[in-house]
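**Q** One file: target-v5.csv (CSV, C-alpha atoms).
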chain,number,residue,atom,x,y,z
A,1410,MET,CA,102.2,95.7,137.7
A,1411,GLN,CA,99.8,94.1,135.2
A,1412,GLU,CA,97.8,97.4,134.9
A,1413,LEU,CA,101.1,99.2,134.0
A,1414,ILE,CA,102.0,96.5,131.5
A,1415,ASP,CA,98.6,96.8,129.9
A,1416,GLN,CA,99.0,100.6,129.7
A,1417,TYR,CA,102.1,100.3,127.6
A,1418,THR,CA,101.4,97.3,125.5
A,1419,GLY,CA,101.1,98.5,121.9
A,1420,VAL,CA,102.4,102.0,122.7
A,1421,ASP,CA,104.9,103.4,120.1
A,1422,GLU,CA,107.4,105.2,122.4
A,1423,ASP,CA,109.7,106.1,119.6
A,1424,SER,CA,107.0,108.0,117.8
A,1425,ARG,CA,106.1,109.9,121.0
A,1426,LEU,CA,109.7,111.2,121.2
A,1427,THR,CA,109.9,112.3,117.5
A,1428,ARG,CA,106.4,113.2,116.2
A,1429,GLN,CA,106.5,116.8,117.5
A,1430,TYR,CA,109.3,119.2,118.3
A,1431,ILE,CA,108.2,119.6,121.9
A,1432,ALA,CA,108.8,115.8,122.4
A,1433,GLN,CA,112.0,115.9,120.3
A,1434,MET,CA,113.3,118.5,122.7
A,1435,GLU,CA,112.9,116.1,125.6
A,1436,PHE,CA,115.0,113.6,123.7
A,1437,ASP,CA,117.6,116.1,122.6
A,1438,THR,CA,118.0,117.6,126.0
A,1439,THR,CA,118.4,114.2,127.7
A,1440,MET,CA,121.0,113.1,125.2
A,1441,ASP,CA,122.9,116.4,125.6
A,1442,ALA,CA,122.9,116.0,129.4
A,1443,LEU,CA,124.3,112.5,129.0
A,1444,LYS,CA,126.8,113.1,126.2
A,1445,ALA,CA,129.8,113.5,128.5
A,1446,TYR,CA,129.3,110.0,129.7
A,1447,LEU,CA,128.4,108.3,126.4
A,1448,VAL,CA,131.8,107.3,125.1
A,1449,PRO,CA,132.7,104.2,123.2
A,1450,ASN,CA,133.0,101.0,125.3
A,1451,VAL,CA,131.5,102.7,128.4
A,1452,LYS,CA,129.1,100.3,130.1
A,1453,VAL,CA,125.6,101.8,130.1
A,1454,ILE,CA,122.4,100.2,131.4
A,1455,GLU,CA,118.9,101.6,130.9
A,1456,LEU,CA,116.2,100.4,133.3
A,1457,GLY,CA,112.8,100.9,131.6
A,1458,ALA,CA,114.1,101.0,128.0
A,1459,ALA,CA,110.7,100.8,126.3
A,1460,THR,CA,111.2,100.2,122.6
A,1461,GLY,CA,114.8,101.4,122.7
A,1462,ARG,CA,114.8,105.1,121.6
A,1463,TYR,CA,117.6,105.8,124.0
A,1464,SER,CA,119.3,102.3,124.3
A,1465,LEU,CA,119.6,101.9,120.6
A,1466,ASN,CA,121.3,105.3,120.3
A,1467,PHE,CA,123.7,104.4,123.1
A,1468,ALA,CA,124.6,101.3,121.2
A,1469,LYS,CA,125.1,103.3,117.9
A,1470,ILE,CA,127.6,105.6,119.8
A,1471,GLY,CA,129.6,102.5,120.7
A,1472,CYS,CA,128.6,102.1,124.3
A,1473,ALA,CA,128.4,98.6,125.8
A,1474,THR,CA,124.6,98.8,126.3
A,1475,THR,CA,122.2,96.8,128.4
A,1476,ALA,CA,118.5,97.4,128.2
A,1477,VAL,CA,115.9,96.2,130.7
A,1478,GLU,CA,112.2,96.6,130.0
A,1479,LEU,CA,109.1,95.4,132.0
A,1480,VAL,CA,106.5,95.1,129.1
A,1481,PRO,CA,106.9,92.0,127.0
A,1482,ASP,CA,105.5,93.7,123.9
A,1483,GLN,CA,108.1,96.5,124.2
A,1484,VAL,CA,110.9,94.0,124.7
A,1485,SER,CA,109.9,92.2,121.4
A,1486,ILE,CA,109.9,95.5,119.5
A,1487,LEU,CA,113.3,96.5,121.0
A,1488,LYS,CA,114.8,93.2,120.0
A,1489,HIS,CA,113.4,93.5,116.5
A,1490,LYS,CA,114.8,97.0,116.1
A,1491,ALA,CA,118.2,96.0,117.3
A,1492,LYS,CA,118.4,93.2,114.8
A,1493,GLU,CA,117.0,95.4,112.0
A,1494,GLN,CA,119.6,98.0,112.7
A,1495,GLY,CA,122.5,95.6,113.1
A,1496,LEU,CA,123.1,96.7,116.7
A,1497,THR,CA,124.5,94.5,119.5
A,1498,LEU,CA,123.1,95.1,123.0
A,1499,SER,CA,122.0,92.9,125.9
A,1500,ILE,CA,118.2,93.0,126.3
A,1501,TYR,CA,116.2,91.7,129.2
A,1502,GLU,CA,112.6,91.6,130.3
A,1503,GLY,CA,112.6,92.7,133.9
A,1504,ASN,CA,111.5,95.1,136.6
A,1505,ALA,CA,113.6,98.2,137.4
A,1506,CYS,CA,113.1,97.5,141.1
A,1507,SER,CA,114.9,94.2,140.9
A,1508,VAL,CA,117.5,93.2,138.4
A,1509,PRO,CA,119.4,90.3,140.1
A,1510,PHE,CA,120.7,89.1,136.7
A,1511,ILE,CA,122.9,92.3,136.6
A,1512,GLU,CA,126.2,92.0,138.3
A,1513,SER,CA,127.0,94.5,141.2
A,1514,ASN,CA,129.5,97.3,140.5
A,1515,SER,CA,129.4,96.5,136.8
A,1516,HIS,CA,128.2,99.7,135.0
A,1517,ASP,CA,129.5,103.2,134.4
A,1518,LEU,CA,126.1,104.8,133.7
A,1519,CYS,CA,122.6,103.8,134.8
A,1520,VAL,CA,119.7,105.5,133.0
A,1521,ILE,CA,116.2,105.5,134.4
A,1522,LEU,CA,114.0,107.5,132.1
A,1523,GLY,CA,110.5,106.0,132.7
A,1524,PRO,CA,110.1,103.8,135.7
A,1525,LEU,CA,109.9,106.7,138.3
A,1526,TYR,CA,106.8,107.9,136.4
A,1527,HIS,CA,104.9,104.8,137.7
A,1528,LEU,CA,106.5,103.7,141.0
A,1529,GLN,CA,103.6,104.7,143.2
A,1530,THR,CA,105.0,103.7,146.7
A,1531,GLN,CA,108.1,104.9,148.5
A,1532,GLU,CA,109.2,101.3,148.9
A,1533,LEU,CA,109.3,100.8,145.1
A,1534,ARG,CA,111.1,104.0,144.5
A,1535,ASP,CA,113.7,103.1,147.1
A,1536,GLN,CA,114.1,99.7,145.5
A,1537,ALA,CA,114.8,101.1,142.1
A,1538,ILE,CA,117.4,103.6,143.3
A,1539,ALA,CA,119.0,101.0,145.5
A,1540,GLU,CA,119.3,98.7,142.5
A,1541,ALA,CA,120.9,101.5,140.5
A,1542,TYR,CA,123.4,102.1,143.3
A,1543,ARG,CA,124.2,98.3,143.5
A,1544,ILE,CA,124.9,97.8,139.8
A,1545,LEU,CA,126.9,101.0,139.3
A,1546,LYS,CA,130.7,101.0,139.7
A,1547,PRO,CA,132.2,103.4,142.3
A,1548,ASN,CA,131.9,106.9,140.8
A,1549,GLY,CA,129.3,105.6,138.4
A,1550,VAL,CA,126.6,108.0,137.3
A,1551,LEU,CA,122.8,107.7,137.7
A,1552,ALA,CA,120.5,109.7,135.4
A,1553,VAL,CA,116.9,109.5,136.6
A,1554,ALA,CA,113.9,111.3,135.1
A,1555,TYR,CA,110.5,112.1,136.7
A,1556,ILE,CA,107.3,114.0,135.8
A,1557,SER,CA,106.7,117.1,137.9
A,1558,ARG,CA,103.7,117.1,140.2
A,1559,TYR,CA,103.3,120.8,139.7
A,1560,PHE,CA,103.3,120.5,135.9
A,1561,ALA,CA,100.7,117.8,136.1
A,1562,ALA,CA,98.3,120.2,137.9
A,1563,GLY,CA,98.9,122.8,135.3
A,1564,MET,CA,98.1,120.3,132.5
A,1565,PHE,CA,94.8,119.4,134.2
A,1566,ALA,CA,93.9,123.1,134.1
A,1567,GLN,CA,94.8,123.4,130.5
A,1568,GLN,CA,93.6,120.1,129.0
A,1569,PHE,CA,91.6,118.1,131.6
A,1570,PRO,CA,89.3,120.6,133.4
A,1571,GLN,CA,87.2,117.7,134.7
A,1572,LEU,CA,90.2,116.9,137.0
A,1573,VAL,CA,90.2,120.4,138.5
A,1574,THR,CA,88.4,119.4,141.7
A,1575,PRO,CA,89.4,119.8,145.3
A,1576,GLU,CA,89.8,116.1,145.7
A,1577,VAL,CA,92.0,115.5,142.7
A,1578,LEU,CA,94.3,118.4,143.3
A,1579,SER,CA,94.7,117.9,147.0
A,1580,THR,CA,95.5,114.2,146.4
A,1581,LEU,CA,98.0,115.0,143.7
A,1582,LEU,CA,99.7,117.7,145.8
A,1583,GLU,CA,99.9,115.5,148.9
A,1584,SER,CA,100.7,112.1,147.4
A,1585,GLY,CA,101.7,112.5,143.7
A,1586,LEU,CA,98.9,110.2,142.7
A,1587,VAL,CA,95.7,110.6,140.6
A,1588,PRO,CA,93.4,107.7,141.5
A,1589,SER,CA,90.3,109.5,140.2
A,1590,PRO,CA,87.9,107.6,137.8
A,1591,LEU,CA,87.7,110.9,135.9
A,1592,ALA,CA,91.3,110.5,134.8
A,1593,ASP,CA,92.6,108.3,132.0
A,1594,GLY,CA,94.7,105.2,132.5
A,1595,PHE,CA,98.1,106.9,132.3
A,1596,PHE,CA,97.3,109.2,135.3
A,1597,ASN,CA,95.8,106.3,137.3
A,1598,VAL,CA,99.0,104.3,137.0
A,1599,GLY,CA,101.3,107.4,137.3
A,1600,TYR,CA,103.4,108.9,140.0
A,1601,PHE,CA,104.2,112.6,139.9
A,1602,ALA,CA,107.2,113.7,141.9
A,1603,THR,CA,108.6,117.0,143.2
A,1604,PRO,CA,112.2,118.2,142.3
A,1605,VAL,CA,113.2,118.3,146.0
A,1606,GLU,CA,111.7,114.8,146.6
A,1607,VAL,CA,113.8,113.3,143.8
A,1608,GLU,CA,117.0,114.9,145.1
A,1609,GLU,CA,116.3,113.6,148.6
A,1610,LEU,CA,115.6,110.1,147.2
A,1611,VAL,CA,118.9,109.7,145.4
A,1612,SER,CA,120.8,111.3,148.3
A,1613,ALA,CA,119.3,108.8,150.8
A,1614,HIS,CA,120.8,106.0,148.7
A,1615,GLY,CA,124.4,107.3,148.6
A,1616,PHE,CA,124.4,109.5,145.5
A,1617,THR,CA,125.6,113.1,145.2
A,1618,LYS,CA,123.9,115.4,142.8
A,1619,LEU,CA,125.8,116.5,139.7
A,1620,ARG,CA,123.1,118.3,137.7
A,1621,HIS,CA,119.4,118.8,137.9
A,1622,VAL,CA,117.9,119.7,134.5
A,1623,ALA,CA,114.5,121.1,133.6
A,1624,THR,CA,114.2,118.8,130.5
A,1625,ASP,CA,111.3,120.7,128.9
A,1626,GLY,CA,111.7,124.0,130.7
A,1627,PHE,CA,108.5,126.0,130.1
A,1628,ASN,CA,108.2,124.8,126.5
A,1629,ARG,CA,105.2,122.6,127.1
A,1630,TYR,CA,103.2,125.7,127.8
A,1631,ILE,CA,104.2,127.2,124.5
A,1632,SER,CA,104.0,124.0,122.5
A,1633,SER,CA,101.8,125.4,119.7
A,1634,GLY,CA,104.6,127.8,118.9
A,1635,VAL,CA,107.5,125.3,119.3
A,1636,ASN,CA,105.8,122.6,117.2
A,1637,ASN,CA,105.4,125.1,114.3
A,1638,PHE,CA,109.0,126.1,114.2
A,1639,THR,CA,111.0,125.6,111.0
A,1640,PRO,CA,113.9,123.2,111.4
A,1641,GLU,CA,116.3,126.2,111.7
A,1642,GLN,CA,114.1,127.9,114.3
A,1643,TYR,CA,113.9,124.6,116.3
A,1644,GLN,CA,117.7,124.3,116.4
A,1645,THR,CA,118.1,127.9,117.5
A,1646,TRP,CA,115.5,127.5,120.2
A,1647,LEU,CA,117.0,124.2,121.3
A,1648,SER,CA,120.4,125.9,121.7
A,1649,TYR,CA,118.8,128.6,123.8
A,1650,HIS,CA,116.9,126.0,125.9
A,1651,LEU,CA,120.1,124.0,126.6
A,1652,LYS,CA,121.8,127.2,127.9
A,1653,THR,CA,118.9,127.7,130.4
A,1654,CYS,CA,117.7,124.3,131.4
A,1655,ASP,CA,119.8,124.2,134.6
A,1656,GLU,CA,118.0,127.2,136.0
A,1657,PRO,CA,116.4,125.9,139.2
A,1658,SER,CA,113.3,128.1,139.0
A,1659,LEU,CA,112.2,126.1,135.9
A,1660,LEU,CA,112.2,122.7,137.6
A,1661,GLY,CA,108.7,122.6,139.0
A,1662,SER,CA,107.1,123.9,135.9
A,1663,SER,CA,108.9,121.6,133.5
A,1664,ASN,CA,107.0,118.5,132.4
A,1665,HIS,CA,110.1,116.3,133.0
A,1666,GLY,CA,113.1,116.7,135.2
A,1667,LEU,CA,116.4,114.9,134.9
A,1668,LEU,CA,118.7,114.4,137.9
A,1669,LEU,CA,122.2,113.3,137.4
A,1670,ALA,CA,124.1,112.0,140.4
A,1671,ILE,CA,127.3,110.2,141.2
A,1672,LYS,CA,127.7,107.1,143.3
A,1673,ILE,CA,129.8,107.8,146.3
A,1674,SER,CA,131.2,104.5,147.7
What do you get writing this file as C-alpha cells?

**A**
Amino acid sequence: MQELIDQYTGVDEDSRLTRQYIAQMEFDTTMDALKAYLVPNVKVIELGAATGRYSLNFAKIGCATTAVELVPDQVSILKHKAKEQGLTLSIYEGNACSVPFIESNSHDLCVILGPLYHLQTQELRDQAIAEAYRILKPNGVLAVAYISRYFAAGMFAQQFPQLVTPEVLSTLLESGLVPSPLADGFFNVGYFATPVEVEELVSAHGFTKLRHVATDGFNRYISSGVNNFTPEQYQTWLSYHLKTCDEPSLLGSSNHGLLLAIKIS
C-alpha cells in the first residue's frame, strides 16, 4: 500500500474535480445519482474520502457523515477543511478493505468512489465490498465507482501511444493491470474494471443492483468541446447527460462507472 500512499501524497483531489468542466461533470453526475439518499441525518460513510470533496458536501447537506481515508496527508487536509468550514464529521485514517472501528449494520449509505481504482487483487476487492455490506444497515445502499478497462485502452491510443503495444494491451484486457515501466505511476498502481465484473462483484456479496451509471458518458472523448462551454452551455449539456447516463451502451466507453446497489439481508 505504500506505493499507493506515495502516489496520492500531495495530490489536490478537490482541484481535479473542479478545474475543468469534464471533471466537474463527474462530480455533478455522482451527486445527482446520490441525491435521493442524501437527506438530513441519514448516516453516510465514504471509504476513500481523499481530501473530502464528497464527504464535506454530504456534511453540508446535513448527513451524519463518516470519512475514511488511507493517505495520512489527505486525512490532514480533510480535517483542516472540515474545521475551516465549520463542519462536523467523523474522520478516520484507514483502509477501505478493513474498517473494524466502524460498527456493523450502522450506516444507510456507503460510498466508495476511489478505492476500486487501485485494488489490484480479487481478494482486496472482495474485502472492500464485504466490509461495505457489513457496515450497511439492512436495505442500505452501496455506491461504488470504477475506471473502465475499455476507456483506459482508448486513452492510451489518444494520449499515451507508447503504451499501445501487444503486451500492454493484452495485459490490460486480461487482468485490468498496467505493470509496464512505460506507464506513469497512476497506471502502475491502478486497477481497471469492466462493467460486468463490477456488477458480478457486488452481487456475489449480497447486493442487488439499483442503477448503473456511465458517469462521464462519452464526454472524455469530446473534452476539448465540453471544457470550452460557457456556464449556460455546460448546464444545458449536463442536463442532457443526466438524461442519458443510464444508457447501458455507454458504460464501457465512459471513463468512470458508478454502480448503486441495495443490501439484501

**Q** Counting only C-alpha atoms, which residues come within 12 Å of (94.0, 106.5, 139.3), with the point read in the file's coordinates, and could you list them as number ranges by chain?

**A** A: 1412-1413, 1527, 1529, 1572, 1577, 1580-1581, 1584-1601

**Q** Mind giving me the straight-line distance from CA of Thr1460 in chain A to CA of Arg1428 in chain A in Å, one decimal?

**A**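 Result for CA of Thr1460 in chain A versus CA of Arg1428 in chain A: 15.3 Å, one decimal.
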
**Q** For range 1449-1489 of chain A versus range 1523-1526 of chain A, which residues have an atom no more than 12 Å away, and what is each residue's nearest atom pair and distance in Å rounded to one decimal, using all atoms listed in the file, chain-then-number order, as a tab-separated table?

**A**
residue	atom	partner	partner_atom	distance
A:Glu1455	CA	A:Gly1523	CA	9.7
A:Leu1456	CA	A:Pro1524	CA	7.4
A:Gly1457	CA	A:Gly1523	CA	5.7
A:Ala1458	CA	A:Gly1523	CA	7.7
A:Ala1459	CA	A:Gly1523	CA	8.2
A:Thr1460	CA	A:Gly1523	CA	11.7
A:Gly1461	CA	A:Gly1523	CA	11.8
A:Arg1462	CA	A:Gly1523	CA	11.9
A:Tyr1463	CA	A:Gly1523	CA	11.2
A:Val1477	CA	A:Pro1524	CA	10.8
A:Glu1478	CA	A:Pro1524	CA	9.4
A:Leu1479	CA	A:Pro1524	CA	9.2
A:Val1480	CA	A:Pro1524	CA	11.5

**Q** Leaving out Leu1619 in chain A and any residue of its chain fewer than 5 positions from it, which residues lie within 12 Å of it when counting all atoms listed in the file, given as number ranges by chain?

**A** A: 1442-1443, 1548-1553, 1608, 1611-1612, 1655, 1667-1673

**Q** Interatomic distance between CA of Val1622 in chain A and CA of Gly1666 in chain A?

**A** 5.7 Å

**Q** Taking all atoms listed in the file into account, name the residue in A:Thr1624, A:Gln1642, A:Thr1603, A:Thr1530 that is nearest to Ala1561 in chain A.

**A**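 Residue with the minimum atom-to-atom distance to Ala1561 in chain A: A:Thr1603.
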
**Q** Counting only C-alpha atoms, which residue out of A:Val1635, A:Ala1473, A:Ile1556, A:Ala1445 sits closest to Ser1515 in chain A?

**A** A:Ala1473

**Q** If we count only C-alpha atoms, what is near Ser1632 in chain A at a cut-off of 8 Å, once residues fewer than 4 positions away on the same chain are taken out, given as a ChimeraX atom specification?

**A** /A:1431,1628,1636

**Q** What lies within 9 Å of His1650 in chain A using only C-alpha atoms, ignoring chain neighbours under 4 positions off, as a list in words?

**A**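 Those residues are Met1434, Thr1438, Thr1624, Asp1625, Gly1626, Asn1628, Thr1645, Trp1646 and Cys1654 of chain A.
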
**Q** Skipping near chain neighbours, those fewer than 2 positions away, what residues fall within 7 Å of Leu1659 in chain A using only C-alpha atoms, listed as a ChimeraX atom specification?

**A** /A:1623,1626-1627,1656-1657,1661-1663

**Q** Would you mind reading off the distance between CA of Phe1569 in chain A and CA of Phe1638 in chain A, one decimal, in Å?

**A**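 Answer for the CA of Phe1569 in chain A to CA of Phe1638 in chain A separation: 25.9 Å.
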
**Q** With all atoms listed in the file as the counted atoms, please give the residues lying no more than 8 Å from Ala1537 in chain A, apart from itself and same-chain residues fewer than 4 positions off, as a PyMOL selection string.

**A** chain A and resi 1505-1507+1533+1541

**Q** Can you write out the residues you just picked, keeping C-alpha atoms, as a PDB file, in the coordinates of the input?

**A**
ATOM      1  CA  ALA A1505     113.600  98.200 137.400  1.00  0.00           C
ATOM      2  CA  CYS A1506     113.100  97.500 141.100  1.00  0.00           C
ATOM      3  CA  SER A1507     114.900  94.200 140.900  1.00  0.00           C
ATOM      4  CA  LEU A1533     109.300 100.800 145.100  1.00  0.00           C
ATOM      5  CA  ALA A1541     120.900 101.500 140.500  1.00  0.00           C
TER       6      ALA A1541
END

**Q** Using all atoms listed in the file, pick whichever of A:Leu1465, A:Met1440, A:Val1453, A:Leu1582 has the shortest atom-to-atom distance to Gln1494 in chain A.

**A**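 For Gln1494 in chain A, the nearest of the given residues is A:Leu1465.
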
**Q** Missing atoms in range 1581-1605 of chain A: can you complete it with N, CA and C atoms, as a short mmCIF file (atom, residue, chain, number, x, y, z; two decimals), in the frame of the given file?

**A**
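That gives us out_24.cif:
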data_model
loop_
_atom_site.label_atom_id
_atom_site.label_comp_id
_atom_site.auth_asym_id
_atom_site.auth_seq_id
_atom_site.Cartn_x
_atom_site.Cartn_y
_atom_site.Cartn_z
N LEU A 1581 96.77 114.87 144.49
CA LEU A 1581 98.00 115.00 143.70
C LEU A 1581 99.06 115.76 144.47
N LEU A 1582 98.69 116.86 145.10
CA LEU A 1582 99.70 117.70 145.80
C LEU A 1582 100.27 116.91 147.00
N GLU A 1583 99.45 116.17 147.70
CA GLU A 1583 99.90 115.50 148.90
C GLU A 1583 100.61 114.17 148.64
N SER A 1584 100.20 113.45 147.59
CA SER A 1584 100.70 112.10 147.40
C SER A 1584 101.39 111.87 146.04
N GLY A 1585 101.16 112.75 145.06
CA GLY A 1585 101.70 112.50 143.70
C GLY A 1585 100.88 111.55 142.90
N LEU A 1586 99.70 111.18 143.39
CA LEU A 1586 98.90 110.20 142.70
C LEU A 1586 97.58 110.81 142.18
N VAL A 1587 97.01 110.16 141.16
CA VAL A 1587 95.70 110.60 140.60
C VAL A 1587 94.83 109.40 140.43
N PRO A 1588 94.23 108.95 141.54
CA PRO A 1588 93.40 107.70 141.50
C PRO A 1588 91.97 107.97 141.04
N SER A 1589 91.68 109.14 140.50
CA SER A 1589 90.30 109.50 140.20
C SER A 1589 89.78 108.71 138.96
N PRO A 1590 88.53 108.26 139.00
CA PRO A 1590 87.90 107.60 137.80
C PRO A 1590 87.70 108.59 136.67
N LEU A 1591 87.84 109.88 136.94
CA LEU A 1591 87.70 110.90 135.90
C LEU A 1591 88.96 110.97 135.02
N ALA A 1592 90.06 110.40 135.50
CA ALA A 1592 91.30 110.50 134.80
C ALA A 1592 91.51 109.26 133.89
N ASP A 1593 92.33 109.42 132.84
CA ASP A 1593 92.60 108.30 132.00
C ASP A 1593 93.64 107.36 132.60
N GLY A 1594 93.90 106.24 131.92
CA GLY A 1594 94.70 105.20 132.50
C GLY A 1594 96.14 105.65 132.86
N PHE A 1595 96.75 106.51 132.05
CA PHE A 1595 98.10 106.90 132.30
C PHE A 1595 98.21 107.60 133.69
N PHE A 1596 97.24 108.47 133.99
CA PHE A 1596 97.30 109.20 135.30
C PHE A 1596 96.99 108.20 136.43
N ASN A 1597 96.13 107.24 136.21
CA ASN A 1597 95.80 106.30 137.30
C ASN A 1597 97.01 105.43 137.66
N VAL A 1598 97.86 105.11 136.70
CA VAL A 1598 99.00 104.30 137.00
C VAL A 1598 100.30 105.15 137.16
N GLY A 1599 100.12 106.47 137.20
CA GLY A 1599 101.30 107.40 137.30
C GLY A 1599 101.68 107.78 138.67
N TYR A 1600 102.91 108.27 138.74
CA TYR A 1600 103.40 108.90 140.00
C TYR A 1600 104.08 110.20 139.57
N PHE A 1601 103.73 111.27 140.26
CA PHE A 1601 104.20 112.60 139.90
C PHE A 1601 105.01 113.15 141.09
N ALA A 1602 106.27 113.42 140.85
CA ALA A 1602 107.20 113.70 141.90
C ALA A 1602 107.45 115.24 142.01
N THR A 1603 108.16 115.65 143.04
CA THR A 1603 108.60 117.00 143.20
C THR A 1603 110.14 117.03 142.99
N PRO A 1604 110.73 118.13 142.50
CA PRO A 1604 112.20 118.20 142.30
C PRO A 1604 112.94 117.90 143.64
N VAL A 1605 112.48 118.48 144.74
CA VAL A 1605 113.20 118.30 146.00
C VAL A 1605 113.09 116.82 146.45
#
